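The next block holds one structure in the form of structure tokens; read it before the comments.
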Protein chains: 2
Amino acid sequence: MASATDSRTNKETMQNILFDFISKYVSLTEEEKNAIVSLDIFRSVKKGTTLLKEGEKTKHNYFVLKGCIRTYYIIEGEEKTTAFYTEMEGMTPHCVKSNAPSEYYISCIEDTILVVSNPDMEVEINGKFPKFETMCRILSEELLDKERIDFDKFKTSSPEERYLNLLQSRPDLIQRVPQHQLASYLGIKPQSLSRLRARILKKNKS
Amino acid sequence: MASATDSRTNKETMQNILFDFISKYVSLTEEEKNAIVSLDIFRSVKKGTTLLKEGEKTKHNYFVLKGCIRTYYIIEGEEKTTAFYTEMEGMTPHCVKSNAPSEYYISCIEDTILVVSNPDMEVEINGKFPKFETMCRILSEELLDKERIDFDKFKTSSPEERYLNLLQSRPDLIQRVPQHQLASYLGIKPQSLSRLRARILKKNKS
DNA sequence: TACGTTTCTTAACTTAAGTGAACGTTTTAA
DNA sequence: TTAAAACGTTCACTTAAGTTAAGAAACGTA
């Protein structure tokens with residue numbers, strides 16, 4: 001059972017995880033750390049919680065400290081999972097900037113601890129501490145670069161190669177994510193993923 | 001034949017195109033514009049020119065004012081085109097930040113006018129004019145958002161749907177780009193693109 | 001202009017993914 | 001605790017993409 005003390009300990013742990021991450025980009029003073037803490041941005045979310053639904057709008061940015069969230073579309077009645085965000089990965093829903101209703105859902109596939117911020121907070125922090133904006137610029141440049149490389153890799157691979165590639169690059173995902181969600185993430189149907197895995201197993205036996 | 005006057009006129013046109021683009025994000029003073037012009041960043045490049053080869057390194061950023069550049073890999077002897085950048089689109093090769101040899105080629109598929117900058121210039125301009133960094137942050141956040149949406153669309157579509165989608169979203173590309181380059185951009189072989197197009201034509205007749 | 005190269009299309013065949021259905025297992029929730 | 005729902009796998013069949021090869025058209029260049 002979680003006591004008040006556990007809860008505070010946990011919150012401090014999460015803050016340290018966040019500050020460790022930030023320290024890779026800029027070094028923060030105590031004053032700056034306090035400014036961040038005072039924003040009250042840490043959120044615990046239960047497995048299965050939907051953060052955003054198709055048709056809704058939000059102004060939240062999500063950064064995963066612990067756990068896993070996924071984005072998915074429902075197209076002709078079928079769930080199509082397009083992304084998983086795990087520890088130290090973050091995302092801004094399209095609608096935050098487009099101001100249009102979301103075309104996709106976001107939900108938690110594990111109990112998850114998030115940093116939830118919004119543009120107002122960013123403006124406030126960026127105004128007070130310009131190095132924050134520098135960090136955001138570097139981060140999104142890095143993420144853009146990574147996204148383009150991943151997209152290149154996807155385009156130039158077969159489904160089987162994509163699966164083997166994922167096995168190398170994010171082996172944890174294959175453990176923590178249901179098969180049918182992985183399948184659409186790989187651009188195929190669940191049955192095809194089952195078959196493809198059986199095919200690989202057979203190859204490795206012989 | 002291009003006279004000295006033509007050349008200057010052309011350069012001024014290009015500068016104005018760039019400043020019009022920038023003005024969507026931040027408004028520049030004359031001083032700031034002059035600082036940019038003095039960097040001497042405009043480059044005319046002939047069709048067919050290769051800007052970056054596999055195994056090479058560069059520190060250049062490319063922004064297309066006019067024309068078209070493409071990125072491609074050579075995998076098992078085959079060219080795999082993964083991206084086209086046309087008017088008002090820009091890219092930073094992976095190696096600029098990773099400092100590793102490039103895994104892909106970049107070349108011009110038309111006579112192209114580029115803005116070519118490098119990290120030193122960025123540091124200089126960002127230092128002098130902080131609003132420049134704000135623009136870069138917003139731009140890369142927008143591009144990341146766009147890239148993720150495009151990737152989602154790609155994952156959730158069949159090759160035929162991708163082609164029809166491209167026909168809607170970037171009809172110019174289908175005109176200005178060779179079929180076999182388009183094919184790998186759509187994640188398929190040139191023969192499959194030919195067949196797919198024939199299939200669509202047949203459908204539309206009946 | 002003529003030659004060689006590149007590009008695009010078509011075709012026959014192979015391979016793999018999509019589809020629809022069945023079945024056992026696991027998870028969920030009343 | 002139990003019934004229902006969700007999940008993963010397998011199978012038979014369909015559809016479309018990959019492969020190999022050949023030939024026609026377009027292009028670039030000497």
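Residues in the structure tokens are numbered from 1 in each chain, the chains being A, B, ... in the order shown, and ligands are numbered from 1 in the order shown.
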
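Within 6 Å of chain A, and using only C-alpha atoms, the residues found on chain B are Thr82, Arg137, Ser140, Glu141, Leu144, Asp152, Lys155 and Gly187 of chain B.
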
DSSP-assigned helix (DSSP H, G or I) members of segment 19-188 of chain B, reported as an MDAnalysis selection string: chainID B and resid 19:22 30:37 94:98 119:128 130:155 159:169 171:176 179:185

What residues in segment 63-201 of chain B get the DSSP label strand (DSSP E)? Please answer as a PyMOL selection string. chain B and resi 63-66+69-75+78-85+89-91+105-108+112-117

Using only C-alpha atoms (C1' of nucleotides), select each residue of chain A with any atom at most 10 Å away from an atom of chain C, and give the selection as number ranges by chain. A: 158-160, 188-189, 191-193, 195-196

Selection export as a short mmCIF file (atom, residue, chain, number, x, y, z; two decimals), in the first residue's frame, atoms kept: C-alpha atoms:
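result-v4.cif, written as the output of this step:
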```cif
data_model
loop_
_atom_site.label_atom_id
_atom_site.label_comp_id
_atom_site.auth_asym_id
_atom_site.auth_seq_id
_atom_site.Cartn_x
_atom_site.Cartn_y
_atom_site.Cartn_z
CA SER A 158 9.96 -5.92 -46.14
CA PRO A 159 7.59 -6.76 -43.26
CA GLU A 160 9.88 -9.62 -42.23
CA ILE A 188 0.69 -5.69 -41.64
CA LYS A 189 -2.25 -7.74 -40.28
CA GLN A 191 -2.38 -13.04 -39.00
CA SER A 192 0.56 -12.07 -41.20
CA LEU A 193 2.71 -11.36 -38.17
CA ARG A 195 2.74 -16.46 -40.01
CA LEU A 196 5.91 -14.41 -40.42
#
```

Identify, on the basis of only C-alpha atoms (C1' of nucleotides), every residue whose closest approach to segment 117-125 of chain B does not exceed 10 Å; exclude the query and any residue fewer than 2 positions from it along the same chain; express the result as a ChimeraX atom specification. /B:32,35-36,39-42,58-63,92,96-97,114-115,127-133,136

Could you write out as a PyMOL selection string the residues of chain D within 12 Å of chain B, counting only C-alpha atoms (C1' of nucleotides)? chain D and resi 16-20+26

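Distance-wise, atom CA of Ala100 of chain A and atom CA of Ser169 of chain B end up 18.5 Å apart.
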